[in-house]
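Q: Pasting entry.cif below, which is mmCIF, C-alpha atoms.
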```cif
data_data
loop_
_atom_site.label_atom_id
_atom_site.label_comp_id
_atom_site.auth_asym_id
_atom_site.auth_seq_id
_atom_site.Cartn_x
_atom_site.Cartn_y
_atom_site.Cartn_z
CA MET Y 1 -44.44 39.08 -11.47
CA PRO Y 2 -41.29 41.19 -11.98
CA ARG Y 3 -37.95 39.61 -11.09
CA GLN Y 4 -37.30 41.93 -8.14
CA SER Y 5 -40.71 41.10 -6.67
CA ARG Y 6 -40.03 37.38 -6.98
CA GLU Y 7 -36.70 37.76 -5.21
CA PHE Y 8 -38.35 39.75 -2.44
CA VAL Y 9 -41.02 37.08 -1.91
CA ARG Y 10 -38.35 34.38 -1.76
CA GLU Y 11 -36.33 36.27 0.83
CA VAL Y 12 -39.42 36.78 2.97
CA PHE Y 13 -40.19 33.07 2.79
CA LYS Y 14 -36.61 32.16 3.72
CA SER Y 15 -36.68 34.52 6.70
CA ARG Y 16 -39.73 32.72 8.07
CA THR Y 17 -38.08 29.30 7.73
CA PRO Y 18 -36.56 28.36 11.10
CA LYS Y 19 -32.85 27.55 11.20
CA VAL Y 20 -32.27 23.88 11.94
CA ILE Y 21 -30.97 23.77 15.51
CA PHE Y 22 -31.50 20.72 17.72
CA ASP Y 23 -31.95 21.28 21.45
CA SER Y 24 -32.63 17.62 22.30
CA VAL Y 25 -31.74 14.15 21.01
CA CYS Y 26 -33.75 10.97 21.40
CA VAL Y 27 -32.52 7.49 20.38
CA ASN Y 28 -34.74 4.40 20.27
CA GLY Y 29 -34.55 0.88 18.88
CA ALA Y 30 -31.24 -0.42 20.26
CA LYS Y 31 -31.17 -3.73 22.11
CA THR Y 32 -30.63 -2.18 25.55
CA ALA Y 33 -31.25 1.16 27.23
CA LYS Y 34 -27.49 1.55 27.71
CA GLN Y 35 -26.91 1.28 23.97
CA ASN Y 36 -29.57 3.94 23.33
CA GLU Y 37 -27.88 6.16 25.89
CA TYR Y 38 -24.43 5.60 24.39
CA LEU Y 39 -25.63 6.52 20.88
CA ARG Y 40 -27.33 9.61 22.30
CA HIS Y 41 -24.11 10.50 24.11
CA LEU Y 42 -22.27 10.73 20.78
CA PHE Y 43 -24.51 13.69 19.87
CA ILE Y 44 -24.68 15.56 23.19
CA ARG Y 45 -21.08 15.10 24.40
CA ASN Y 46 -19.08 18.15 25.51
CA ASP Y 47 -22.13 19.30 27.51
CA ARG Y 48 -23.45 21.41 24.64
CA ASP Y 49 -27.02 22.68 24.89
CA THR Y 50 -27.74 22.78 21.16
CA LEU Y 51 -26.61 20.97 18.04
CA ASN Y 52 -26.43 22.32 14.50
CA VAL Y 53 -26.66 20.25 11.32
CA GLU Y 54 -22.90 19.97 10.81
CA GLN Y 55 -22.32 18.81 14.41
CA ALA Y 56 -25.13 16.28 14.05
CA LYS Y 57 -23.60 15.00 10.80
CA ILE Y 58 -20.19 14.45 12.44
CA ALA Y 59 -21.77 12.55 15.34
CA TYR Y 60 -23.89 10.49 12.95
CA TYR Y 61 -20.85 9.40 10.91
CA ARG Y 62 -19.01 8.52 14.11
CA ALA Y 63 -21.91 6.28 15.14
CA ILE Y 64 -22.17 4.37 11.85
CA THR Y 65 -18.44 4.10 11.05
CA SER Y 66 -17.98 1.22 13.49
CA GLY Y 67 -20.24 -0.97 11.31
CA LYS Y 68 -22.17 -2.15 14.38
CA LEU Y 69 -25.50 -0.68 13.26
CA LYS Y 70 -27.78 -2.28 10.69
CA ASP Y 71 -29.71 0.96 10.35
CA PHE Y 72 -29.72 4.41 11.93
CA VAL Y 73 -32.57 6.54 10.63
CA PRO Y 74 -32.68 10.23 11.64
CA HIS Y 75 -35.76 12.44 11.66
CA ALA Y 76 -36.44 15.95 12.96
CA GLU Y 77 -39.48 17.19 14.87
CA TYR Y 78 -40.11 20.95 14.96
CA LYS Y 79 -41.21 22.55 18.24
CA THR Y 80 -43.20 25.74 17.67
CA GLY Y 81 -42.65 27.16 21.15
CA SER Y 82 -38.84 27.11 21.08
CA ARG Y 83 -38.48 27.34 17.26
CA MET Y 84 -35.97 24.47 17.56
CA PHE Y 85 -35.99 20.78 16.67
CA THR Y 86 -35.75 17.45 18.40
CA LEU Y 87 -33.43 15.00 16.64
CA GLY Y 88 -34.89 11.51 16.68
CA LEU Y 89 -32.85 8.45 15.70
CA ASP Y 90 -34.15 4.93 15.18
CA ALA Y 91 -31.35 2.40 15.66
CA LYS Y 92 -31.02 -1.25 14.71
CA VAL Y 93 -27.95 -2.88 16.25
CA ARG Y 94 -26.20 -5.86 14.70
CA ASP Y 95 -25.77 -9.09 16.64
CA ASN Y 96 -22.74 -9.33 18.93
CA VAL Y 97 -21.48 -12.42 17.08
CA SER Y 98 -21.28 -12.52 13.31
CA ALA Y 99 -19.55 -14.54 10.61
CA GLY Y 100 -18.55 -13.71 7.08
CA VAL Y 101 -17.38 -15.50 3.96
CA GLY Y 102 -15.92 -14.19 0.74
CA GLY Y 103 -13.17 -14.83 -1.71
CA TRP Y 104 -11.27 -14.09 -4.87
CA LEU Y 105 -11.66 -16.44 -7.84
CA SER Y 106 -8.99 -16.09 -10.49
CA SER Y 107 -7.80 -17.85 -13.62
CA SER Y 108 -4.27 -17.45 -12.23
CA THR Y 109 -2.84 -19.11 -9.10
CA ASN Y 110 -4.18 -16.25 -6.97
CA SER Y 111 -7.60 -17.68 -6.02
CA MET Y 112 -8.44 -17.72 -2.31
CA MET Y 113 -11.31 -18.02 0.14
CA TYR Y 114 -11.85 -15.60 3.02
CA LEU Y 115 -13.57 -16.46 6.33
CA SER Y 116 -14.18 -14.31 9.39
CA LEU Y 117 -15.70 -14.64 12.86
CA ASN Y 118 -16.40 -11.45 14.80
CA TYR Y 119 -17.50 -10.43 18.28
CA ASN Y 120 -18.54 -6.79 18.79
CA THR Y 121 -20.02 -4.75 21.62
CA LEU Y 122 -21.63 -1.30 21.48
CA SER Y 123 -20.91 0.69 24.64
CA TYR Y 124 -18.93 3.59 26.06
CA ASN Y 125 -15.73 1.47 25.97
CA SER Y 126 -16.49 -1.05 23.24
CA PHE Y 127 -14.59 -4.32 22.91
CA ASP Y 128 -14.20 -6.03 19.54
CA ALA Y 129 -12.46 -9.24 18.55
CA SER Y 130 -12.13 -11.02 15.22
CA ILE Y 131 -10.53 -14.06 13.63
CA ASP Y 132 -9.86 -13.85 9.89
CA GLY Y 133 -8.56 -16.55 7.57
CA TRP Y 134 -7.42 -16.70 3.95
CA LEU Y 135 -7.04 -20.04 2.18
CA GLY Y 136 -5.81 -20.39 -1.38
CA GLN Y 137 -3.50 -22.26 -3.70
CA SER Y 138 -0.66 -19.76 -3.35
CA TYR Y 139 -1.67 -17.70 -0.30
CA TYR Y 140 -2.58 -18.66 3.26
CA ALA Y 141 -3.07 -16.30 6.20
CA GLY Y 142 -4.68 -15.95 9.61
CA ARG Y 143 -5.25 -12.87 11.71
CA LEU Y 144 -6.37 -12.48 15.33
CA LEU Y 145 -7.40 -8.98 16.37
CA ALA Y 146 -8.61 -7.65 19.74
CA ARG Y 147 -9.53 -3.99 20.12
CA VAL Y 148 -10.84 -1.62 22.79
CA ALA Y 149 -12.38 1.71 21.74
CA PHE Y 150 -12.25 4.41 24.42
CA ASN Y 151 -14.89 6.99 25.26
CA LEU Y 152 -12.87 10.09 24.39
CA PRO Y 153 -13.75 13.24 22.40
CA ARG Y 154 -11.53 11.98 19.58
CA PRO Y 155 -12.19 8.36 18.46
CA THR Y 156 -9.33 6.37 19.99
CA GLU Y 157 -8.52 2.67 20.18
CA LEU Y 158 -5.93 0.23 21.46
CA GLN Y 159 -5.52 -3.04 19.60
CA VAL Y 160 -3.44 -6.19 19.63
CA GLU Y 161 -3.01 -8.13 16.40
CA ALA Y 162 -1.29 -11.39 15.57
CA VAL Y 163 -0.79 -12.31 11.91
CA MET Y 164 0.56 -15.39 10.14
CA SER Y 165 0.78 -15.42 6.33
CA LYS Y 166 2.40 -17.61 3.69
CA GLN Y 167 2.86 -16.63 0.05
CA LYS Y 168 4.02 -19.07 -2.63
CA PHE Y 169 5.43 -17.83 -5.90
CA TYR Y 170 5.37 -20.28 -8.80
CA GLU Y 171 7.91 -20.80 -11.55
CA SER Y 172 5.34 -19.52 -14.02
CA ASP Y 173 1.80 -18.24 -13.89
CA MET Y 174 -0.50 -19.48 -16.64
CA LEU Y 175 -3.99 -18.44 -17.63
CA PHE Y 176 -5.36 -21.70 -16.25
CA TYR Y 177 -2.94 -22.98 -13.64
CA GLU Y 178 -1.47 -26.48 -13.47
CA ASP Y 179 -1.32 -28.23 -10.09
CA GLU Y 180 2.11 -29.75 -10.71
CA LEU Y 181 3.98 -26.47 -11.10
CA PRO Y 182 6.80 -26.39 -8.50
CA THR Y 183 7.05 -23.49 -6.09
CA PHE Y 184 10.39 -21.78 -6.18
CA ILE Y 185 9.86 -19.14 -3.45
CA ILE Y 186 7.94 -19.41 -0.18
CA ASN Y 187 7.60 -16.26 1.92
CA ASN Y 188 6.37 -16.59 5.54
CA ASP Y 189 5.40 -13.53 7.57
CA ARG Y 190 4.49 -13.86 11.27
CA TYR Y 191 4.24 -11.10 13.83
CA VAL Y 192 2.49 -9.66 16.87
CA ARG Y 193 1.93 -5.93 17.25
CA LEU Y 194 0.39 -3.52 19.74
CA ASN Y 195 -1.25 -0.54 18.01
CA PHE Y 196 -2.62 2.76 19.29
CA GLY Y 197 -4.89 4.55 16.85
CA CYS Y 198 -6.85 7.79 16.85
CA ALA Y 199 -8.89 9.77 14.35
CA ALA Y 200 -7.13 12.67 12.65
CA GLY Y 201 -10.27 13.99 10.95
CA ARG Y 202 -13.47 12.49 9.58
CA ARG Y 203 -11.63 10.36 7.02
CA SER Y 204 -8.11 10.23 8.49
CA LYS Y 205 -6.40 8.02 11.04
CA LEU Y 206 -3.06 8.07 12.88
CA THR Y 207 -1.61 4.78 14.16
CA LEU Y 208 1.44 4.06 16.34
CA GLY Y 209 2.65 0.49 16.86
CA LEU Y 210 5.28 -1.70 18.49
CA GLY Y 211 5.80 -5.24 17.22
CA TYR Y 212 7.98 -8.31 16.93
CA GLY Y 213 8.17 -10.40 13.78
CA TRP Y 214 9.42 -13.81 12.68
CA LEU Y 215 10.02 -13.88 8.93
CA TYR Y 216 11.05 -17.02 7.07
CA ASP Y 217 11.88 -17.41 3.37
CA ARG Y 218 12.69 -20.55 1.34
CA PHE Y 219 13.88 -20.31 -2.25
CA TYR Y 220 15.96 -21.75 -5.06
CA GLN Y 221 18.84 -19.64 -6.34
CA SER Y 222 17.40 -19.97 -9.85
CA ASN Y 223 14.13 -21.08 -11.42
CA VAL Y 224 16.14 -23.06 -14.00
CA VAL Y 225 17.18 -25.96 -11.78
CA ASP Y 226 16.66 -29.68 -11.39
CA TYR Y 227 14.25 -29.63 -8.43
CA SER Y 228 14.88 -33.30 -7.72
CA ALA Y 229 18.63 -32.75 -7.33
CA VAL Y 230 18.85 -29.54 -5.27
CA GLY Y 231 17.16 -28.15 -2.18
CA GLN Y 232 15.96 -24.73 -1.11
CA ASP Y 233 18.02 -22.19 0.79
CA ASP Y 234 16.58 -20.70 4.01
CA ALA Y 235 16.61 -17.17 5.41
CA ARG Y 236 15.16 -16.49 8.88
CA TYR Y 237 14.62 -13.10 10.51
CA LYS Y 238 13.79 -12.03 14.07
CA LEU Y 239 12.95 -8.33 14.12
CA TRP Y 240 11.70 -5.65 16.52
CA GLN Y 241 9.74 -2.82 15.01
CA ALA Y 242 8.42 0.65 15.87
CA ARG Y 243 5.87 1.95 13.37
CA ALA Y 244 3.87 5.11 12.69
CA SER Y 245 1.34 5.60 9.91
CA PHE Y 246 -1.12 8.24 8.73
CA GLU Y 247 -3.90 7.55 6.24
CA ARG Y 248 -6.61 9.66 4.66
CA ASN Y 249 -9.03 7.90 2.33
CA THR Y 250 -11.97 9.21 0.28
CA LEU Y 251 -11.90 6.62 -2.55
CA ASP Y 252 -15.29 5.44 -3.76
CA HIS Y 253 -14.21 1.79 -4.16
CA GLY Y 254 -11.66 -0.43 -2.46
CA ILE Y 255 -10.23 -2.10 -5.59
CA TYR Y 256 -11.38 -0.18 -8.67
CA PRO Y 257 -12.03 3.47 -7.66
CA THR Y 258 -12.97 6.21 -10.10
CA SER Y 259 -13.15 9.20 -7.72
CA GLY Y 260 -11.66 10.40 -4.46
CA SER Y 261 -8.14 10.19 -3.12
CA ARG Y 262 -5.97 8.26 -0.69
CA LEU Y 263 -2.80 9.36 1.08
CA ARG Y 264 -0.81 6.96 3.24
CA LEU Y 265 2.45 7.79 5.02
CA THR Y 266 4.34 5.07 6.90
CA ALA Y 267 7.59 5.19 8.85
CA ILE Y 268 9.19 2.20 10.57
CA GLY Y 269 12.35 1.54 12.52
CA VAL Y 270 13.62 -2.06 12.66
CA LYS Y 271 16.27 -3.79 14.73
CA GLY Y 272 17.10 -7.48 14.62
CA GLY Y 273 19.03 -10.18 12.88
CA TYR Y 274 18.84 -12.85 10.21
CA GLU Y 275 20.25 -16.30 9.63
CA TYR Y 276 20.99 -17.48 6.10
CA SER Y 277 21.37 -21.21 5.43
CA PRO Y 278 22.30 -22.56 1.96
CA TRP Y 279 20.77 -25.99 1.35
CA THR Y 280 24.24 -27.57 1.31
CA ALA Y 281 25.42 -25.83 4.50
CA THR Y 282 26.35 -27.53 7.74
CA THR Y 283 25.66 -25.91 11.12
CA ALA Y 284 29.15 -24.44 11.13
CA GLN Y 285 28.52 -22.77 7.75
CA LEU Y 286 25.39 -20.81 8.72
CA GLU Y 287 25.61 -17.04 8.19
CA TYR Y 288 24.39 -14.57 10.83
CA SER Y 289 23.97 -10.81 10.80
CA ASP Y 290 22.47 -8.11 13.05
CA ASP Y 291 21.05 -5.01 11.38
CA THR Y 292 19.22 -1.80 12.21
CA TRP Y 293 17.45 0.32 9.61
CA ILE Y 294 14.67 2.82 9.03
CA GLN Y 295 12.16 2.86 6.20
CA GLY Y 296 9.60 5.34 4.96
CA GLU Y 297 6.84 4.95 2.37
CA LEU Y 298 4.50 7.39 0.63
CA GLN Y 299 1.45 6.11 -1.25
CA TRP Y 300 -0.82 8.58 -3.02
CA ASP Y 301 -3.84 7.98 -5.27
CA LYS Y 302 -5.97 10.70 -6.84
CA TYR Y 303 -8.91 10.42 -9.24
CA ALA Y 304 -10.44 13.40 -11.06
CA ASN Y 305 -13.83 13.24 -12.79
CA LEU Y 306 -13.27 14.98 -16.12
CA HIS Y 307 -16.62 13.98 -17.62
CA ARG Y 308 -19.70 11.99 -16.68
CA HIS Y 309 -18.17 9.01 -18.52
CA PHE Y 310 -14.47 9.66 -18.00
CA SER Y 311 -12.11 10.04 -15.06
CA LEU Y 312 -8.34 10.24 -14.80
CA GLY Y 313 -6.34 8.73 -11.98
CA PHE Y 314 -2.81 9.23 -10.74
CA ARG Y 315 -0.84 6.94 -8.45
CA MET Y 316 2.54 7.25 -6.78
CA ASP Y 317 4.42 4.88 -4.48
CA ALA Y 318 7.81 5.88 -3.07
CA VAL Y 319 9.93 3.85 -0.63
CA ALA Y 320 13.20 4.93 1.00
CA SER Y 321 15.09 2.50 3.21
CA SER Y 322 18.53 2.24 4.82
CA ARG Y 323 18.27 -1.55 4.99
CA PRO Y 324 21.65 -3.09 4.09
CA LEU Y 325 22.14 -5.77 1.48
CA MET Y 326 22.35 -9.35 2.71
CA SER Y 327 25.06 -11.84 1.84
CA ASN Y 328 22.94 -13.54 -0.84
CA TYR Y 329 21.24 -11.93 -3.84
CA THR Y 330 18.07 -14.06 -3.82
CA ALA Y 331 17.59 -13.60 -0.07
CA THR Y 332 17.90 -9.84 -0.59
CA ILE Y 333 15.47 -9.60 -3.52
CA VAL Y 334 12.87 -11.81 -1.80
CA GLN Y 335 12.79 -9.38 1.14
CA ALA Y 336 12.88 -6.24 -1.04
CA THR Y 337 9.66 -4.21 -1.22
CA ALA Y 338 7.50 -5.22 -4.19
CA PHE Y 339 5.45 -2.89 -6.39
CA THR Y 340 2.22 -4.71 -7.28
CA PRO Y 341 -0.42 -2.05 -8.05
CA THR Y 342 -3.20 -4.36 -9.33
CA PRO Y 343 -4.76 -7.58 -7.99
CA ALA Y 344 -3.49 -9.45 -11.05
CA THR Y 345 0.14 -8.58 -10.26
CA ALA Y 346 -0.04 -9.49 -6.55
CA ASN Y 347 1.15 -13.07 -7.14
CA TYR Y 348 3.94 -12.18 -9.59
CA PHE Y 349 7.49 -12.48 -8.34
CA ASN Y 350 9.33 -10.11 -10.64
CA PRO Y 351 12.82 -8.91 -9.56
CA ASP Y 352 12.56 -5.88 -11.84
CA PHE Y 353 9.73 -4.50 -9.69
CA ARG Y 354 11.40 -5.06 -6.30
CA SER Y 355 13.86 -2.84 -4.47
CA THR Y 356 14.69 -1.55 -1.00
CA SER Y 357 14.19 2.03 -2.28
CA PHE Y 358 12.23 3.11 -5.35
CA VAL Y 359 9.85 5.58 -6.95
CA ALA Y 360 6.87 4.32 -8.97
CA ALA Y 361 4.22 6.43 -10.69
CA GLY Y 362 1.26 5.73 -12.91
CA ILE Y 363 -1.57 7.28 -14.88
CA LEU Y 364 -5.02 5.64 -15.04
CA PRO Y 365 -7.50 6.73 -17.76
CA ILE Y 366 -10.92 5.25 -16.96
CA TRP Y 367 -13.93 5.12 -19.25
CA LYS Y 368 -17.14 4.66 -17.25
CA VAL Y 369 -19.10 2.70 -19.84
CA MET Y 370 -22.27 2.63 -17.75
CA ASP Y 371 -23.31 2.43 -14.11
CA ASN Y 372 -21.00 -0.03 -12.35
CA MET Y 373 -19.03 -0.84 -15.53
CA GLN Y 374 -15.66 0.65 -16.44
CA LEU Y 375 -12.86 0.12 -18.92
CA ARG Y 376 -9.77 0.72 -16.84
CA THR Y 377 -6.26 1.36 -18.18
CA GLU Y 378 -3.27 1.54 -15.84
CA MET Y 379 0.26 2.48 -16.98
CA TYR Y 380 3.21 2.56 -14.55
CA ALA Y 381 6.92 3.29 -14.49
CA PHE Y 382 9.11 1.83 -11.74
CA ALA Y 383 12.56 3.25 -10.96
CA PRO Y 384 14.71 1.86 -8.14
CA LEU Y 385 17.05 4.41 -6.60
CA ARG Y 386 19.84 1.87 -7.09
CA ARG Y 387 18.96 -1.43 -8.73
CA ILE Y 388 19.89 -4.61 -6.80
CA GLU Y 389 22.12 -6.65 -9.11
CA GLU Y 390 23.67 -10.12 -8.80
CA ASN Y 391 27.35 -11.01 -8.88
CA ALA Y 392 28.64 -14.29 -10.31
CA ASP Y 393 28.97 -15.76 -6.79
CA HIS Y 394 25.29 -14.93 -5.99
CA THR Y 395 26.19 -11.98 -3.76
CA PRO Y 396 24.24 -8.74 -4.30
CA ARG Y 397 25.50 -5.31 -5.27
CA TYR Y 398 23.92 -1.93 -5.93
CA GLY Y 399 23.93 -0.53 -9.45
CA LYS Y 400 24.23 3.13 -10.42
CA TRP Y 401 21.72 5.72 -9.26
CA PHE Y 402 18.50 5.79 -11.31
CA ASN Y 403 20.03 3.90 -14.24
CA HIS Y 404 17.11 1.50 -14.82
CA VAL Y 405 13.37 2.00 -15.38
CA SER Y 406 10.80 -0.80 -15.74
CA TYR Y 407 7.31 -0.48 -17.20
CA MET Y 408 3.98 -2.13 -16.54
CA GLY Y 409 0.59 -1.71 -18.16
CA GLU Y 410 -2.82 -3.30 -17.64
CA MET Y 411 -6.25 -2.93 -19.20
CA ALA Y 412 -9.32 -4.39 -17.52
CA LEU Y 413 -13.05 -4.41 -18.21
CA VAL Y 414 -14.64 -4.24 -14.74
CA TYR Y 415 -18.19 -4.65 -13.51
CA ASN Y 416 -18.80 -3.84 -9.84
CA PHE Y 417 -21.63 -5.78 -8.24
CA PRO Y 418 -22.84 -4.63 -4.79
CA PHE Y 419 -20.97 -7.56 -3.20
CA ALA Y 420 -18.00 -8.21 -5.55
CA SER Y 421 -16.21 -7.19 -8.75
CA LEU Y 422 -15.78 -9.04 -12.05
CA SER Y 423 -12.79 -8.14 -14.20
CA ILE Y 424 -11.34 -9.41 -17.48
CA TYR Y 425 -7.78 -8.17 -17.87
CA GLY Y 426 -4.62 -8.24 -19.92
CA ASN Y 427 -1.29 -6.84 -18.79
CA TYR Y 428 2.26 -6.39 -20.03
CA LEU Y 429 5.50 -6.14 -18.03
CA SER Y 430 8.76 -4.95 -19.56
CA TYR Y 431 10.67 -7.79 -17.87
CA PRO Y 432 11.07 -10.55 -18.85
CA SER Y 433 10.66 -9.83 -22.56
CA ARG Y 434 7.28 -10.48 -24.17
CA ASN Y 435 5.68 -10.84 -20.75
CA TRP Y 436 1.97 -10.75 -21.64
CA ASN Y 437 -0.65 -12.09 -19.21
CA PHE Y 438 -4.42 -12.47 -19.56
CA GLY Y 439 -7.08 -13.62 -17.14
CA ILE Y 440 -10.36 -13.16 -15.34
CA ASN Y 441 -11.06 -12.37 -11.67
CA PHE Y 442 -14.19 -12.30 -9.53
CA GLY Y 443 -14.68 -11.34 -5.90
CA LEU Y 444 -13.09 -8.94 -3.42
CA PHE Y 445 -9.30 -8.84 -3.24
CA PHE Y 446 -7.51 -8.00 0.00
CA THR Y 447 -4.84 -9.77 2.02
CA ALA Y 448 -3.56 -9.79 5.58
CA PRO Y 449 -1.28 -6.87 6.58
CA ARG Y 450 2.48 -7.31 6.28
CA PHE Y 451 5.05 -6.65 9.00
CA LEU Y 452 7.40 -4.47 6.94
CA ARG Y 453 4.81 -2.37 5.01
#
```
Represent the supplied structure as structure tokens.

A:
Amino acid sequence: MPRQSREFVREVFKSRTPKVIFDSVCVNGAKTAKQNEYLRHLFIRNDRDTLNVEQAKIAYYRAITSGKLKDFVPHAEYKTGSRMFTLGLDAKVRDNVSAGVGGWLSSSTNSMMYLSLNYNTLSYNSFDASIDGWLGQSYYAGRLLARVAFNLPRPTELQVEAVMSKQKFYESDMLFYEDELPTFIINNDRYVRLNFGCAAGRRSKLTLGLGYGWLYDRFYQSNVVDYSAVGQDDARYKLWQARASFERNTLDHGIYPTSGSRLRLTAIGVKGGYEYSPWTATTAQLEYSDDTWIQGELQWDKYANLHRHFSLGFRMDAVASSRPLMSNYTATIVQATAFTPTPATANYFNPDFRSTSFVAAGILPIWKVMDNMQLRTEMYAFAPLRRIEENADHTPRYGKWFNHVSYMGEMALVYNFPFASLSIYGNYLSYPSRNWNFGINFGLFFTAPRFLR
């Protein structure tokens, strides 16, 4: 058959194929009739008479995004008389109460166990509550979250969260940790916050929040001290916060992505005070200060697939803050924002990668060895706007503008299981000199949210 004849036959066939338009929606399988009706309502809202494929897709994603459905199987039934379709959906709803367990096993001091208890409802104004806990050698945290989702055209929620976390930083971090290593910095983060969130697109979210935080740090002025002869200094903070954030995320993996992108913009305003107490101080020698500052942060990740077995990633993290220096250098650097781009660096306390304002950027060549396995290389440069330096009397000062750059590199062989990731890594940091680290991790790595990030 000549080419033109084949094309003509194809066009005739296509013209006889009905366009997929749904004029009715039927949902079955949920635990109650009200749940079936609610899921149906997601498709027929706005009083529309018909539904095209794109509209059905948006409603379907809205239904499954909550994670409250075990299964949601769509099927279409053609009706000859109207030349339209009925959209049928078979739903399986998860139990209202559920529990979860997970963790992160590491050859460093960063191992932890994760536990969660959740209560969820599926209705026009759903109520969800959860208790989450992290328990490890160097990290402890608990989070209580209550949330109400409103029946509005745009997915909208109001939530209250309370978080308590404690991070210990050790004098050194070995491949296989030793229990007797002394902790030289303890960082406590406690806060309550009221958040209002709404969708800003299929993969984007806008959040506004008001909160109050109690932050508490304990530390030695140096990690070269006789721990039996000196005590730790204290710094306590009581802070009010207003916060706004926007996030868009299309990454294909939470820890080790190879495609997609993520953009996160955060702005916070803080007002409050701190109390600094040297270990030798009497009550009359305590130092007080009241401060107000604003802070903004931009985080951007982008991964491009250059070949079936190769992708190239880019990452940028920029922080700008008007937060003033405190009266003590160590108290200032403990509270400074840390750049820790990989799970292996999350438990490092490295002053060269901390600042109130900085720009960090990295390039990530990734070789996809096979399905679920990748050889991942990450190379970063970190440049504080003005480096925080220490005077002889332990007071802080700012250095010159952009006069110091630090470097970090890591290579990891990663295998992603359906439920966890296994990685064998080695990394190098430009400070202190000859700072090589090697280790192995297994699990899912994530921590409780922080008040000032």

Q: Write out as a list in words which residues come within 9 Å of Lys68 in chain Y when counting only C-alpha atoms, dropping same-chain ones fewer than 4 positions away.

A: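 Using only C-alpha atoms, the neighbours found are Ala63, Ile64, Lys92, Val93, Arg94, Asp95, Asn96, Asn120, Thr121 and Leu122 of chain Y.
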
Q: Extract, using only C-alpha atoms, all DNA, RNA and protein residues at most 7 Å from Tyr38 in chain Y, discarding same-chain residues fewer than 4 positions from it, and format them as a short mmCIF file (atom, residue, chain, number, x, y, z; two decimals) with C-alpha atoms, in the frame of the given file.

A:
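Result file out09.cif:
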```cif
data_model
loop_
_atom_site.label_atom_id
_atom_site.label_comp_id
_atom_site.auth_asym_id
_atom_site.auth_seq_id
_atom_site.Cartn_x
_atom_site.Cartn_y
_atom_site.Cartn_z
CA LYS Y 34 -27.49 1.55 27.71
CA LEU Y 42 -22.27 10.73 20.78
CA SER Y 123 -20.91 0.69 24.64
CA TYR Y 124 -18.93 3.59 26.06
#
```

Q: Check the smallest atom-to-atom distance from each of Y:Cys26, Y:Leu152, Y:Ile185, Y:Leu239 to Asp90 in chain Y using all atoms listed in the file, then report the winner.

A: Y:Cys26

Q: Name the residues that the PyMOL selection byres ((chain Y and resi 389) around 12) picks from the file above, as a list in words, using the file's chain letters and numbers.

A: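 Applying the PyMOL selection byres ((chain Y and resi 389) around 12) to the structure shown produces Leu325, Asn328, Tyr329, Thr330, Thr332, Ile333, Pro351, Asp352, Arg354, Ser355, Pro384, Arg386, Arg387, Ile388, Glu390, Asn391, Ala392, Asp393, His394, Thr395, Pro396, Arg397, Tyr398, Gly399, Lys400, Asn403 and His404 of chain Y.
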
Q: Expand the PyMOL selection byres ((chain Y and resi 137) around 7) into the explicit residue set it covers here, and present it as a PyMOL selection string.

A: chain Y and resi 109-112+136+138-139

Q: Hey, which bits of range 282-301 of chain Y sit within 12 Å of range 252-261 of chain Y, and for each residue what's the closest pair of atoms and how far apart in Å (one decimal), counting only C-alpha atoms, rows by chain and increasing number, as a tab-separated table?

A:
```
residue	atom	partner	partner_atom	distance
Y:Gln299	CA	Y:Ser261	CA	10.6
Y:Trp300	CA	Y:Ser261	CA	7.5
Y:Asp301	CA	Y:Ser261	CA	5.3
```

Q: With distances taken over all atoms listed in the file, which residue among Y:Ala99, Y:Ala200, Y:Trp293, Y:Ser106 lies nearest Ile440 in chain Y?

A: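 Under the stated criterion, the closest residue is Y:Ser106.
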
Q: Contacts of range 421-436 of chain Y at 10 Å or less, counting all atoms listed in the file, minus same-chain residues fewer than 4 places along, as a VMD selection string?

A: chain Y and resid 104 to 107 255 to 256 342 344 to 345 350 to 353 372 to 381 405 to 417 440 to 445

Q: Enter the distance from CA of Leu215 in chain Y to CA of Asn187 in chain Y, in Å, rounded to one decimal.

A: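 Those two atoms sit 7.8 Å apart.
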
Q: In terms of the shortest atom-to-atom distance over only C-alpha atoms, which of Y:Thr292, Y:Asn52, Y:Gln232, Y:Thr32 is closest to Pro324 in chain Y?

A: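 Among the listed residues, Y:Thr292 lies closest to Pro324 in chain Y.
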